[in-house]
Structure formats: C-alpha cells, structure tokens
>>> print(open('structure-v8.cif').read())   # mmCIF, C-alpha atoms and all ligand atoms
data_input
loop_
_atom_site.label_atom_id
_atom_site.label_comp_id
_atom_site.auth_asym_id
_atom_site.auth_seq_id
_atom_site.Cartn_x
_atom_site.Cartn_y
_atom_site.Cartn_z
CA MET A 15 12.57 21.34 -3.34
CA THR A 16 13.07 23.65 -0.33
CA SER A 17 12.65 22.40 3.22
CA GLU A 18 9.67 24.84 3.63
CA LYS A 19 7.81 23.13 0.82
CA ARG A 20 7.85 19.85 2.72
CA LEU A 21 6.28 21.29 5.84
CA VAL A 22 3.04 19.75 7.10
CA SER A 23 1.09 21.29 9.95
CA VAL A 24 -0.92 19.13 12.32
CA VAL A 25 -3.29 20.77 14.79
CA LYS A 26 -5.74 19.47 17.37
CA CYS A 27 -9.15 21.09 17.37
CA GLN A 28 -12.73 21.01 18.60
CA ASP A 29 -14.00 23.37 15.91
CA PRO A 30 -12.99 22.13 12.41
CA GLY A 31 -13.16 25.63 10.87
CA GLN A 32 -10.85 27.09 13.50
CA GLY A 33 -8.62 24.03 13.18
CA ALA A 34 -8.25 24.66 9.45
CA ILE A 35 -7.40 28.32 9.98
CA ASN A 36 -4.83 27.39 12.64
CA ALA A 37 -3.25 24.72 10.44
CA VAL A 38 -2.93 27.07 7.44
CA SER A 39 -1.73 29.96 9.63
CA LEU A 40 1.07 27.74 10.92
CA LEU A 41 2.22 27.20 7.33
CA GLU A 42 2.05 30.96 6.74
CA GLU A 43 4.09 31.72 9.87
CA LYS A 44 6.83 29.35 8.71
CA GLY A 45 6.85 30.90 5.23
CA ALA A 46 5.53 27.69 3.66
CA PHE A 47 2.30 29.16 2.24
CA GLN A 48 1.20 32.57 1.02
CA PRO A 49 -2.43 32.96 -0.12
CA SER A 50 -2.49 34.65 -3.50
CA PRO A 51 -5.14 37.01 -4.93
CA GLY A 52 -7.14 35.75 -7.88
CA ILE A 53 -9.54 32.81 -8.19
CA VAL A 54 -9.38 30.09 -5.55
CA PHE A 55 -11.02 26.74 -6.35
CA ILE A 56 -11.85 24.56 -3.35
CA LYS A 57 -12.45 20.84 -3.93
CA PRO A 58 -14.13 19.25 -0.89
CA ASN A 59 -15.41 15.68 -0.59
CA ILE A 60 -19.22 15.91 -0.86
CA VAL A 61 -19.68 12.26 -1.95
CA VAL A 62 -23.46 12.00 -2.33
CA SER A 63 -26.82 13.66 -1.64
CA ILE A 64 -26.90 13.19 2.10
CA PRO A 65 -27.09 15.83 4.85
CA TYR A 66 -23.69 16.35 6.46
CA ASP A 67 -24.99 15.57 9.94
CA GLN A 68 -26.07 12.10 8.72
CA ALA A 69 -22.56 11.30 7.45
CA PRO A 70 -20.01 13.42 9.36
CA ALA A 71 -17.31 10.76 8.91
CA GLU A 72 -17.86 10.57 5.14
CA LEU A 73 -18.20 14.16 3.91
CA THR A 74 -15.90 17.13 4.40
CA ASP A 75 -17.36 19.43 7.07
CA PRO A 76 -19.13 22.34 5.29
CA GLY A 77 -18.26 24.58 8.29
CA LEU A 78 -14.55 23.94 7.67
CA VAL A 79 -14.94 24.93 4.02
CA ALA A 80 -16.92 28.04 5.03
CA ALA A 81 -14.05 29.09 7.34
CA MET A 82 -11.55 28.65 4.50
CA ILE A 83 -13.71 30.74 2.14
CA ARG A 84 -13.67 33.58 4.69
CA TYR A 85 -9.91 33.12 5.13
CA PHE A 86 -9.23 33.46 1.39
CA TYR A 87 -11.46 36.53 1.03
CA GLU A 88 -9.72 38.13 4.02
CA HIS A 89 -6.41 37.45 2.24
CA GLY A 90 -7.44 39.16 -1.00
CA ALA A 91 -9.03 36.44 -3.12
CA GLU A 92 -11.04 37.80 -6.04
CA LYS A 93 -13.46 34.86 -6.07
CA VAL A 94 -13.72 31.57 -4.18
CA VAL A 95 -15.34 28.75 -6.12
CA VAL A 96 -16.31 25.35 -4.63
CA GLY A 97 -17.00 22.27 -6.71
CA GLU A 98 -17.10 18.49 -6.63
CA ARG A 99 -18.34 15.61 -8.73
CA PRO A 100 -20.26 13.27 -6.43
CA ALA A 101 -19.68 9.53 -6.39
CA TRP A 102 -21.60 7.10 -8.66
CA GLY A 103 -22.54 9.82 -11.14
CA GLY A 104 -24.97 11.53 -8.74
CA SER A 105 -26.11 15.07 -9.52
CA CYS A 106 -23.94 17.96 -8.30
CA GLY A 107 -27.04 20.09 -7.64
CA ASP A 108 -28.68 17.50 -5.38
CA ALA A 109 -25.45 16.79 -3.49
CA TYR A 110 -24.67 20.50 -2.94
CA ARG A 111 -28.20 21.31 -1.75
CA VAL A 112 -28.80 18.31 0.50
CA SER A 113 -25.32 18.14 2.08
CA GLY A 114 -25.55 21.75 3.32
CA PHE A 115 -22.63 22.91 1.15
CA GLU A 116 -24.71 25.20 -1.02
CA GLU A 117 -25.88 27.18 1.99
CA ALA A 118 -22.50 27.25 3.76
CA VAL A 119 -20.67 28.35 0.61
CA THR A 120 -23.06 31.02 -0.67
CA GLU A 121 -23.61 32.52 2.81
CA ASN A 122 -19.88 33.21 2.90
CA GLY A 123 -19.67 34.75 -0.55
CA GLY A 124 -18.42 31.62 -2.32
CA VAL A 125 -19.77 30.27 -5.61
CA MET A 126 -20.83 26.65 -6.14
CA CYS A 127 -19.65 25.28 -9.49
CA ASP A 128 -21.42 22.35 -11.15
CA LEU A 129 -18.34 20.51 -12.44
CA ASP A 130 -20.49 18.25 -14.63
CA GLY A 131 -21.79 21.30 -16.48
CA GLU A 132 -18.36 22.86 -16.99
CA PRO A 133 -16.58 22.80 -20.35
CA GLU A 134 -13.63 20.41 -20.22
CA VAL A 135 -10.07 20.61 -21.44
CA TRP A 136 -7.59 17.85 -22.19
CA LEU A 137 -4.39 18.33 -20.19
CA PRO A 138 -1.27 16.56 -21.41
CA VAL A 139 0.51 14.54 -18.74
CA ASP A 140 3.65 12.45 -18.94
CA GLY A 141 2.16 10.06 -16.40
CA HIS A 142 2.63 6.52 -15.21
CA VAL A 143 -0.27 5.27 -17.36
CA LEU A 144 -1.93 8.34 -18.90
CA LYS A 145 -0.75 10.66 -21.66
CA GLU A 146 -3.59 13.14 -21.23
CA ILE A 147 -6.45 13.72 -18.86
CA ARG A 148 -9.85 15.41 -19.29
CA LEU A 149 -10.69 18.00 -16.60
CA PRO A 150 -13.20 20.85 -16.05
CA ARG A 151 -11.83 24.17 -17.24
CA ALA A 152 -12.81 26.00 -14.03
CA LEU A 153 -10.44 23.75 -12.08
CA VAL A 154 -7.57 24.03 -14.50
CA GLU A 155 -7.79 27.81 -14.85
CA ALA A 156 -8.06 28.67 -11.12
CA ASP A 157 -5.09 30.56 -9.65
CA LEU A 158 -5.04 28.30 -6.60
CA LEU A 159 -6.52 24.81 -6.21
CA VAL A 160 -7.25 23.94 -2.59
CA ASN A 161 -7.99 20.30 -1.86
CA ILE A 162 -10.09 19.82 1.30
CA PRO A 163 -10.67 16.07 1.72
CA LYS A 164 -12.06 13.95 4.53
CA ALA A 165 -9.60 11.42 5.99
CA LYS A 166 -11.06 7.90 5.83
CA THR A 167 -10.18 4.27 5.52
CA HIS A 168 -10.78 2.93 2.02
CA PHE A 169 -11.21 -0.64 0.81
CA LEU A 170 -9.20 0.01 -2.38
CA THR A 171 -6.38 2.17 -1.03
CA ALA A 172 -6.29 1.27 2.73
CA VAL A 173 -6.71 4.94 3.62
CA THR A 174 -7.59 8.08 1.71
CA VAL A 175 -6.08 11.36 2.84
CA GLY A 176 -5.75 14.07 0.17
CA ILE A 177 -4.71 12.79 -3.25
CA LYS A 178 -7.63 10.37 -3.64
CA ASN A 179 -10.05 13.30 -3.22
CA LEU A 180 -8.78 14.70 -6.54
CA PHE A 181 -10.44 11.70 -8.23
CA GLY A 182 -13.72 13.63 -8.00
CA CYS A 183 -12.30 16.14 -10.50
CA ILE A 184 -12.60 13.48 -13.23
CA ARG A 185 -15.96 12.79 -14.85
CA TYR A 186 -17.75 9.68 -13.56
CA GLU A 187 -17.56 7.86 -16.92
CA ASP A 188 -13.76 8.05 -16.79
CA ARG A 189 -13.55 7.36 -13.05
CA LYS A 190 -15.41 4.10 -12.99
CA LYS A 191 -13.07 2.33 -15.38
CA TYR A 192 -10.10 3.05 -13.07
CA HIS A 193 -11.94 1.97 -9.92
CA ARG A 194 -10.03 -1.19 -9.16
CA GLU A 195 -6.73 -1.23 -7.27
CA ILE A 196 -3.32 -0.60 -8.79
CA ASP A 197 -5.18 1.00 -11.72
CA LEU A 198 -6.55 3.55 -9.29
CA ALA A 199 -3.16 4.25 -7.68
CA SER A 200 -1.56 4.81 -11.09
CA VAL A 201 -4.27 7.14 -12.37
CA LEU A 202 -4.34 9.11 -9.12
CA ALA A 203 -0.60 9.71 -9.32
CA ASP A 204 -1.02 10.88 -12.93
CA LEU A 205 -3.87 13.15 -11.90
CA LEU A 206 -1.73 14.65 -9.16
CA LYS A 207 0.99 15.30 -11.71
CA ALA A 208 -1.46 17.01 -14.09
CA LEU A 209 -3.33 19.01 -11.45
CA PRO A 210 -1.26 19.49 -8.28
CA PRO A 211 -3.20 21.38 -5.59
CA GLY A 212 -1.45 24.47 -4.22
CA LEU A 213 -2.74 23.64 -0.76
CA THR A 214 -4.25 20.59 0.94
CA VAL A 215 -6.25 20.95 4.14
CA VAL A 216 -7.36 17.59 5.56
CA ASP A 217 -10.53 17.32 7.63
CA ALA A 218 -9.52 14.60 10.11
CA VAL A 219 -11.81 15.74 12.89
CA GLN A 220 -14.49 13.05 12.50
CA VAL A 221 -12.90 10.25 10.46
CA MET A 222 -14.08 6.87 9.22
CA GLU A 223 -12.56 3.54 10.22
CA GLY A 224 -13.41 -0.01 9.15
CA PHE A 225 -14.97 -0.61 5.74
CA GLY A 226 -14.60 2.91 4.36
CA PRO A 227 -15.03 5.08 2.45
CA HIS A 228 -18.83 4.63 2.73
CA ALA A 229 -19.68 1.74 5.03
CA GLY A 230 -17.28 2.22 7.94
CA THR A 231 -17.80 3.68 11.40
CA GLY A 232 -17.20 7.26 12.51
CA VAL A 233 -14.52 7.96 15.08
CA GLU A 234 -13.21 11.20 16.57
CA MET A 235 -9.62 11.99 15.57
CA GLY A 236 -9.83 15.71 16.29
CA LEU A 237 -7.12 16.84 13.83
CA VAL A 238 -6.66 19.09 10.82
CA MET A 239 -3.52 18.78 8.69
CA ALA A 240 -2.31 21.18 6.02
CA GLY A 241 0.53 21.45 3.54
CA THR A 242 1.44 22.54 0.06
CA ASP A 243 3.17 19.28 -0.86
CA ALA A 244 0.33 16.80 -1.50
CA VAL A 245 2.57 13.74 -1.21
CA ALA A 246 3.97 14.94 2.13
CA VAL A 247 0.43 15.56 3.46
CA ASP A 248 -0.68 12.06 2.41
CA THR A 249 2.46 10.55 3.94
CA VAL A 250 1.81 12.25 7.28
CA GLY A 251 -1.95 11.58 7.23
CA THR A 252 -1.46 7.90 6.40
CA TYR A 253 1.00 7.54 9.28
CA LEU A 254 -1.40 9.30 11.67
CA MET A 255 -4.18 6.87 10.72
CA GLY A 256 -1.96 3.96 11.76
CA VAL A 257 -0.73 2.80 8.33
CA ASP A 258 2.84 2.71 7.00
CA PRO A 259 2.91 5.24 4.10
CA LYS A 260 5.44 3.08 2.23
CA SER A 261 2.89 0.25 2.07
CA LEU A 262 0.49 2.24 -0.15
CA ALA A 263 0.56 1.68 -3.92
CA LEU A 264 -0.49 5.29 -4.55
CA LEU A 265 2.41 6.78 -2.58
CA GLN A 266 4.87 4.33 -4.11
CA VAL A 267 3.81 5.35 -7.64
CA ALA A 268 3.79 9.06 -6.72
CA GLU A 269 7.35 8.81 -5.40
CA LYS A 270 8.46 6.91 -8.49
CA LEU A 271 7.00 9.68 -10.68
CA GLY A 272 9.08 12.19 -8.72
CA LEU A 273 6.05 13.88 -7.17
CA GLY A 274 7.40 13.78 -3.62
CA ASN A 275 9.25 11.85 -1.00
CA ILE A 276 7.35 9.39 1.20
CA ASP A 277 10.01 9.18 3.89
CA LEU A 278 8.59 10.73 7.09
CA ALA A 279 12.09 11.73 8.17
CA GLU A 280 12.23 14.08 5.16
CA ILE A 281 9.10 15.99 6.21
CA ASP A 282 9.06 18.89 8.71
CA ILE A 283 6.11 18.92 11.08
CA ALA A 284 4.63 22.06 12.67
CA GLY A 285 2.18 21.68 15.55
CA GLU A 286 1.51 18.34 17.23
CA ALA A 287 4.17 15.66 17.62
CA LEU A 288 2.99 12.84 15.33
CA ASP A 289 3.36 10.01 17.82
CA GLU A 290 1.32 11.93 20.40
CA VAL A 291 -1.75 12.08 18.14
CA ARG A 292 -1.35 8.93 16.01
CA MET A 293 -4.29 6.52 16.01
CA SER A 294 -4.66 2.95 14.92
CA LEU A 295 -7.85 2.89 12.87
CA LEU A 296 -9.67 -0.36 12.19
CA PRO A 297 -8.68 -1.43 8.66
CA PRO A 298 -11.24 -1.97 5.86
CA ILE A 299 -11.53 -5.72 6.24
CA PHE A 300 -13.79 -7.24 3.64
CA LYS A 301 -16.55 -9.67 4.64
CA PHE A 302 -16.64 -12.31 1.94
CA VAL A 303 -19.15 -14.78 3.35
CA SER A 304 -22.73 -13.71 2.69
CA GLN A 305 -24.81 -12.74 5.69
CA TYR A 306 -27.49 -15.15 4.49
CA GLU A 307 -27.43 -18.91 5.24
CA ASN A 308 -28.90 -19.77 1.84
CA VAL A 309 -26.43 -17.76 -0.31
CA ARG A 310 -23.17 -19.35 -1.46
CA VAL A 311 -20.47 -17.30 -3.17
CA TYR A 312 -18.31 -18.96 -5.84
CA ALA A 313 -15.35 -16.72 -6.59
CA GLY A 314 -12.01 -16.75 -8.37
CA GLY A 315 -9.83 -13.90 -9.58
CA VAL A 316 -12.01 -11.14 -8.11
CA CYS A 317 -10.71 -7.56 -8.18
CA PRO A 318 -11.27 -5.28 -5.19
CA GLY A 319 -13.54 -3.18 -7.42
CA CYS A 320 -16.09 -6.01 -7.49
CA ARG A 321 -15.62 -7.48 -4.02
CA PRO A 322 -17.69 -5.01 -1.98
CA ARG A 323 -20.76 -5.70 -4.14
CA ILE A 324 -20.96 -9.33 -2.96
CA PRO A 325 -22.90 -8.68 0.28
CA THR A 326 -25.49 -6.68 -1.69
CA VAL A 327 -26.82 -9.68 -3.67
CA PRO A 328 -29.45 -10.94 -3.88
CA LEU A 329 -31.13 -7.59 -3.40
CA VAL A 330 -34.00 -9.33 -1.58
CA CYS A 331 -33.26 -12.72 -0.08
CA ASP A 332 -36.11 -15.25 0.04
CA PRO A 333 -35.26 -17.70 2.87
CA THR A 334 -37.05 -20.53 1.04
CA LYS A 335 -34.70 -20.31 -1.97
CA LYS A 336 -31.09 -21.26 -2.60
CA TYR A 337 -28.81 -18.71 -4.24
CA ALA A 338 -25.41 -18.97 -5.92
CA VAL A 339 -23.26 -15.91 -6.62
CA ILE A 340 -20.59 -16.31 -9.30
CA ILE A 341 -17.90 -13.66 -9.47
CA GLY A 342 -14.41 -13.19 -10.86
CA ARG A 343 -12.33 -13.87 -13.93
CA GLU A 344 -12.01 -17.57 -13.21
CA PRO A 345 -14.39 -18.78 -10.54
CA ILE A 346 -12.63 -22.09 -10.21
CA ALA A 347 -14.34 -22.91 -6.96
CA ILE A 348 -17.78 -23.72 -8.47
CA ARG A 349 -18.63 -27.25 -7.48
CA PRO A 350 -20.05 -29.28 -10.35
CA ASP A 351 -23.07 -30.27 -8.26
CA VAL A 352 -24.15 -26.74 -7.28
CA GLU A 353 -27.94 -26.48 -7.21
CA ALA A 354 -29.60 -23.08 -6.82
CA ASP A 355 -32.95 -21.48 -7.55
CA GLU A 356 -31.24 -18.25 -8.55
CA VAL A 357 -27.73 -17.69 -9.87
CA TRP A 358 -26.35 -14.13 -9.62
CA LEU A 359 -23.48 -13.31 -11.98
CA LEU A 360 -21.54 -10.28 -10.70
CA GLY A 361 -19.36 -8.08 -12.90
CA ASN A 362 -18.53 -8.53 -16.59
CA CYS A 363 -16.25 -11.45 -15.96
CA GLY A 364 -18.68 -13.04 -13.49
CA VAL A 365 -21.32 -12.84 -16.24
CA ARG A 366 -18.96 -14.43 -18.77
CA ALA A 367 -17.75 -17.22 -16.53
CA GLY A 368 -21.14 -17.82 -14.97
CA MET A 369 -23.05 -18.01 -18.26
CA ASP A 370 -20.50 -20.46 -19.55
CA TYR A 371 -20.99 -22.59 -16.45
CA VAL A 372 -24.80 -22.38 -16.47
CA LEU A 373 -25.05 -23.13 -20.21
CA ARG A 374 -22.70 -26.08 -20.00
CA ARG A 375 -24.62 -27.55 -17.09
CA ALA A 376 -27.96 -26.88 -18.74
CA PHE A 377 -26.79 -28.34 -22.05
CA HIS A 378 -25.67 -31.50 -20.37
CA GLY A 379 -28.91 -31.74 -18.38
CA GLY A 380 -26.97 -31.20 -15.19
CA PHE A 381 -29.56 -29.30 -13.13
CA LYS A 382 -31.80 -31.74 -11.24
CA LYS A 383 -34.47 -29.10 -10.51
CA GLY A 384 -34.29 -27.44 -13.94
CA VAL A 385 -32.25 -24.49 -15.13
CA PRO A 386 -32.15 -21.82 -12.38
CA LYS A 387 -33.14 -18.19 -12.82
CA VAL A 388 -30.03 -16.24 -13.87
CA VAL A 389 -29.57 -12.60 -12.82
CA LYS A 390 -26.78 -10.76 -14.67
CA VAL A 391 -25.10 -7.76 -13.05
CA PRO A 392 -22.74 -6.47 -15.75
CA GLY A 393 -20.05 -3.79 -15.41
CA CYS A 394 -16.36 -3.77 -14.70
CA PRO A 395 -16.83 -3.17 -11.82
CA PRO A 396 -20.67 -3.11 -11.73
CA LEU A 397 -20.87 0.43 -10.32
CA ASP A 398 -23.89 1.60 -12.34
CA TRP A 399 -25.96 -1.33 -11.13
CA TYR A 400 -24.74 -0.73 -7.56
CA SER A 401 -25.62 2.96 -7.56
CA GLN A 402 -29.00 2.51 -9.26
CA ARG A 403 -30.12 -0.51 -7.23
CA VAL A 404 -28.38 -0.10 -3.86
CA ILE A 405 -27.24 3.50 -3.22
CA PHE A 406 -29.81 5.75 -4.88
CA PRO A 407 -33.22 4.17 -4.00
CA PRO A 408 -33.05 4.96 -0.23
CA LEU A 409 -31.82 8.50 -1.01
CA ARG A 410 -34.75 9.01 -3.40
CA GLU A 411 -37.17 7.66 -0.80
CA LYS A 412 -35.95 10.33 1.62
CA GLY A 413 -36.33 13.03 -1.02
CA TRP A 414 -32.56 13.69 -1.09
CA MET A 415 -32.26 12.83 -4.78
CA ARG A 416 -34.49 13.57 -7.71
S1 LIG A 501 -15.70 -7.44 -13.57
FE1 LIG A 501 -13.93 -8.76 -13.31
S2 LIG A 501 -12.17 -7.59 -14.11
FE2 LIG A 501 -13.87 -6.15 -13.74
S3 LIG A 501 -13.54 -5.39 -11.67
FE3 LIG A 501 -14.90 -7.14 -11.50
S4 LIG A 501 -13.56 -8.89 -11.08
FE4 LIG A 501 -12.29 -7.23 -11.88
#
>>> encode(input="structure-v8.cif", output="structure tokens")
Amino acid sequence: MTSEKRLVSVVKCQDPGQGAINAVSLLEEKGAFQPSPGIVFIKPNIVVSIPYDQAPAELTDPGLVAAMIRYFYEHGAEKVVVGERPAWGGSCGDAYRVSGFEEAVTENGGVMCDLDGEPEVWLPVDGHVLKEIRLPRALVEADLLVNIPKAKTHFLTAVTVGIKNLFGCIRYEDRKKYHREIDLASVLADLLKALPPGLTVVDAVQVMEGFGPHAGTGVEMGLVMAGTDAVAVDTVGTYLMGVDPKSLALLQVAEKLGLGNIDLAEIDIAGEALDEVRMSLLPPIFKFVSQYENVRVYAGGVCPGCRPRIPTVPLVCDPTKKYAVIIGREPIAIRPDVEADEVWLLGNCGVRAGMDYVLRRAFHGGFKKGVPKVVKVPGCPPLDWYSQRVIFPPLREKGWMR
C-alpha cells in the first residue's frame, strides 16, 4: 500500500457541494485519486421517505451529491448513477422522490437506480463470517463506486462514517438479520472486502449526535472528508467525532481482515489539522427506563438490536392500566408477583421467555386479577413491527409514503 493511498483530506466548508469538490480536488492534487471515465455509481445515505430539510443530520445532502455528479461528468464520466436501499424496507421510489434526491440527481444528468428492482449477483468473499454476498448488479459492474455517507452517531456502532453506509447495498431481508452488534461489524467488514468503494466522500457538515442514527440531535460540524482507503476515512472520521477508532468493533475486524490500518499515525492528512476541528459528540446513550410511570421493563440478555424498541411500547399508554414489558433471552429480573393489565413481549426471545412466564403463572393461578392481555412483538430484532407500527404511519399520514 503506497503512502498516497492512505491520504485522507479534511476540509471546512459552508457549502457542502463546494466542500466535497475541494476535498476530492485535494486528493487529486496529491496524486491520491484520479477520476476515471466509465460508469460511476454513487451510494448516498437516503434513509427514508422524508424531505432532506426535515432531516439534514440524517440524510446525505442532495446538493453535495449533485456537485459530485457534475464533477464526474466534467472529468469524463460516461454515466453517473445514484442508488440506495432505504432503511426498514421502505420503497426506493418514495425515498428518492420525497427526499429531493430524484430532482437533484436528474437535473444534473444523473440517473436514479432502484436497487430493489435490480438483478442481483452473488459475489464470493473470503470474509470474517460470510463466504458470499448478494448484491445488485449495477453496483458490482460500475467502474467506480463512490460512497457518500452522512456522519452520525449510531447506537449499534458508536459512530457511522463511511463503511456502515455500504450496508444499504444489501437487500433489507438480509440486512435485518445482521442488525445486532458484533454481527453487524463482522458483516460490514466482509461487505467492504467484497465491494470496496473507489472513493469515499463523507458529508460531515450537519451531523447527528446523541441517540443516532435516527433519533439524535443535529449539530454543525462543517466538514467534508474524502479518501480512497475506506478504513482510513473511517479511522479519521471516528477520531474527528470524538471517539477512539481502535475502540470500534468494525474497525478492529476490518484491520484483522487486512483491509486497512486503524492507526492514525499511519494516515496522511491533507487540509485541516485534525485536532483543530475535532469535536466531542454526545454519545448514543440508551434510555432504558420507560417514560411512563405505569410501565415496568423486565429485561435480561437483551441485544442492542432490540434495546431501542423498548421506549416505543406500549404504542398507546393508558394511564389507568399497568404494563409489563418482557425482553431478552433470559429476563431473570421478572418478579414472581408482577401484576399487569397488559404484558408486552418484545423480540423473538422476549416472546419465548415471556410466554413461558405468563403460562406458568396462569397455570398455577398466580395472577390475582386474571390473566393479563399479552401483546407479542416477534422478530429478531423486531424491525418489521417497528417500521410498520412506529416509523411508517406518520410518514404515510404526511403523504411521504404510499
Ligand atoms: S430477539 Fe433476542 S436475540 Fe434477537 S435481537 Fe432481540 S434480544 Fe437479541
């Protein structure tokens, strides 16, 4: 690996599009990147059907992507394609239209690609956990893959810089089974090995801190970073967000797979001095105790994939009732005298453990007020329930989803 390959540019900016051009031009000047003719595939982070100005800390800025489309055409690209698979299995068409990406991309001569409608190919990968991975052909066959993520805090990975954004290349059905913790880090490293982007440009202008990647708070960081070595970009971005890169499972696995070096001293920086622009973002601290007085949570062995769903149950809280939420592989903390009008069982293992508990109590006549109503929320983690009952209804009400 040459020293040029491990160059990361970091630029301050007011205008994200200009920031991206400046960051990539710095790489070009140092001989670390040369745009090639042919088909360029840009993978932004579109997330969900929400207008960009309602979620500027969550979605990649469409204006930044528009500037990069113009840049690639000016440098001889034959075609610039943009595509993403939104979170929770949402429709590409809705997300592209409502976010503003469709307009920004097509106005600049780019082509939106519905990744869910693309034929897929199985790519072999000698990965940490995977032997092969299923990906849309348009992504695999592009001459240059450009990853344009949004920098955010993330409750599963502490922060997400560039590599995590590649997760949206995988179909939702495959994604949701890896959406836990170390599982996610391992699969992401394998994905990076199978489909390394030729360039990463990080939108860190408006970023998210706190309980990201969806429920945090926006904060101005005012930076764009770029590099051709995805591990180096993530190492630098993680450091700039106030987190030690060596503490992240994803970067540890990536280094172990030989995908890059996560030692900052081994990375050349062009542009801003890192310690001059470094921030200390609020971490994604999880709130375990329910916001409601009358809801008690009985947990044990809960994965991070299930944890963030706890504050969302019950969906409607009746202050005259008592609720119990049972979650985790072994919810050892259930008191034998728990009385509730409704028992919510979260996640496949919460359903298993909770039903066992409820049936045993019921069988032994242990409920003074009769057997409570039981609400099962299956899934491992229960992402389908979460999207259909929590995320999508308000978007449909606003007309942002069909
Ligand atoms: S259902 Fe159980 S095993 Fe699956 S993510 Fe939730 S806590 Fe983990």
>>> residues_near_ligand(input="structure-v8.cif", ligand="ligand LIG 501 (chain A)", cutoff="10 Å", atoms="all atoms listed in the file", output="PyMOL selection string")
chain A and resi 190-195+313-321+323+341-345+359-367+391-397
>>> residues_around(input="structure-v8.cif", residues="segment 249-253 of chain A", least_positions_apart="4", cutoff="7 Å", atoms="all atoms listed in the file", output="tab-separated table (two decimals) with C-alpha atoms, in the frame of the given file")
chain	number	residue	atom	x	y	z
A	173	VAL	CA	-6.71	4.94	3.62
A	175	VAL	CA	-6.08	11.36	2.84
A	245	VAL	CA	2.57	13.74	-1.21
A	257	VAL	CA	-0.73	2.80	8.33
A	258	ASP	CA	2.84	2.71	7.00
A	259	PRO	CA	2.91	5.24	4.10
A	276	ILE	CA	7.35	9.39	1.20
A	278	LEU	CA	8.59	10.73	7.09
>>> closest_residue(input="structure-v8.cif", among="A:Val357, A:Val330, A:Ala268, A:Val238", to="Lys26 of chain A", atoms="all atoms listed in the file")
A:Val238
>>> closest_residue(input="structure-v8.cif", among="A:Asp197, A:Asp289, A:Asp248, A:Glu88", to="Asn161 of chain A", atoms="only C-alpha atoms")
A:Asp248
>>> residues_near_point(input="structure-v8.cif", point="(-30.3, -20.8, -17.5)", cutoff="8 Å", atoms="all atoms listed in the file", output="JSON, numbers by chain")
{"A": [369, 372, 373, 376, 385, 386, 387, 388]}
>>> closest_residue(input="structure-v8.cif", among="A:Pro76, A:Gly104, A:Leu159, A:Val135", to="Asn122 of chain A", atoms="all atoms listed in the file")
A:Pro76
>>> closest_residue(input="structure-v8.cif", among="A:Leu144, A:Ile177, A:Ala34, A:Ala46", to="Ile283 of chain A", atoms="all atoms listed in the file")
A:Ala46
>>> atom_distance(input="structure-v8.cif", atom1="atom CA of Ser261 of chain A", atom2="atom CA of Phe47 of chain A")
28.9 Å
>>> residues_near_point(input="structure-v8.cif", point="(-12.1, -0.6, 10.8)", cutoff="6 Å", atoms="all atoms listed in the file", output="number ranges by chain")
A: 223-225, 295-298
>>> atom_distance(input="structure-v8.cif", atom1="atom CA of Val339 of chain A", atom2="atom CA of Ile324 of chain A")
7.9 Å
>>> atom_distance(input="structure-v8.cif", atom1="atom CA of Leu78 of chain A", atom2="atom CA of Glu98 of chain A")
15.5 Å
>>> residues_around(input="structure-v8.cif", residues="Gln220 of chain A", least_positions_apart="6", cutoff="8 Å", atoms="only C-alpha atoms", output="tab-separated table (two decimals) with C-alpha atoms, keeping the file's coordinate frame")
chain	number	residue	atom	x	y	z
A	70	PRO	CA	-20.01	13.42	9.36
A	71	ALA	CA	-17.31	10.76	8.91
A	232	GLY	CA	-17.20	7.26	12.51
A	233	VAL	CA	-14.52	7.96	15.08
A	234	GLU	CA	-13.21	11.20	16.57
A	235	MET	CA	-9.62	11.99	15.57
A	236	GLY	CA	-9.83	15.71	16.29
>>> closest_residue(input="structure-v8.cif", among="A:Pro65, A:Gly123, A:Gly384, A:Gly379", to="Met415 of chain A", atoms="all atoms listed in the file")
A:Pro65
>>> residues_around(input="structure-v8.cif", residues="Glu307 of chain A", least_positions_apart="5", cutoff="12 Å", atoms="only C-alpha atoms", output="count of residues only")
8
>>> closest_residue(input="structure-v8.cif", among="A:Glu411, A:Glu132, A:Glu42, A:Glu116", to="Ile184 of chain A", atoms="only C-alpha atoms")
A:Glu132
>>> decode(input="structure-v8.cif", residues="segment 45-59 of chain A", atoms="N, CA and C atoms", output="compact mmCIF listing (two decimals), in the first residue's frame")
# COMPACT_ATOMS: atom_id res chain seq x y z
N GLY A 45 -2.12 13.40 -6.02
CA GLY A 45 -1.95 12.16 -6.79
C GLY A 45 -2.61 10.96 -6.14
N ALA A 46 -3.53 11.20 -5.20
CA ALA A 46 -4.15 10.08 -4.49
C ALA A 46 -5.48 9.65 -5.11
N PHE A 47 -5.99 10.40 -6.09
CA PHE A 47 -7.23 10.00 -6.74
C PHE A 47 -7.27 10.57 -8.15
N GLN A 48 -7.70 9.73 -9.08
CA GLN A 48 -7.84 10.16 -10.48
C GLN A 48 -9.19 9.67 -10.96
N PRO A 49 -10.17 10.60 -11.22
CA PRO A 49 -11.47 10.11 -11.69
C PRO A 49 -11.33 9.43 -13.04
N SER A 50 -11.99 8.27 -13.16
CA SER A 50 -11.83 7.51 -14.41
C SER A 50 -13.09 7.68 -15.26
N PRO A 51 -12.98 7.54 -16.59
CA PRO A 51 -14.18 7.55 -17.42
C PRO A 51 -14.97 6.26 -17.15
N GLY A 52 -16.13 6.16 -17.72
CA GLY A 52 -16.92 4.95 -17.50
C GLY A 52 -18.10 5.26 -16.60
N ILE A 53 -18.65 4.21 -15.98
CA ILE A 53 -19.87 4.37 -15.16
C ILE A 53 -19.49 4.56 -13.70
N VAL A 54 -19.99 5.66 -13.14
CA VAL A 54 -19.76 5.96 -11.72
C VAL A 54 -21.06 5.66 -10.98
N PHE A 55 -20.97 4.90 -9.91
CA PHE A 55 -22.16 4.63 -9.07
C PHE A 55 -21.98 5.33 -7.73
N ILE A 56 -22.89 6.23 -7.42
CA ILE A 56 -22.82 6.95 -6.14
C ILE A 56 -23.84 6.35 -5.18
N LYS A 57 -23.36 6.01 -3.97
CA LYS A 57 -24.25 5.46 -2.93
C LYS A 57 -24.35 6.48 -1.78
N PRO A 58 -25.41 7.29 -1.77
CA PRO A 58 -25.61 8.21 -0.65
C PRO A 58 -26.37 7.52 0.49
N ASN A 59 -26.68 8.25 1.53
CA ASN A 59 -27.49 7.73 2.62
C ASN A 59 -28.84 8.48 2.58
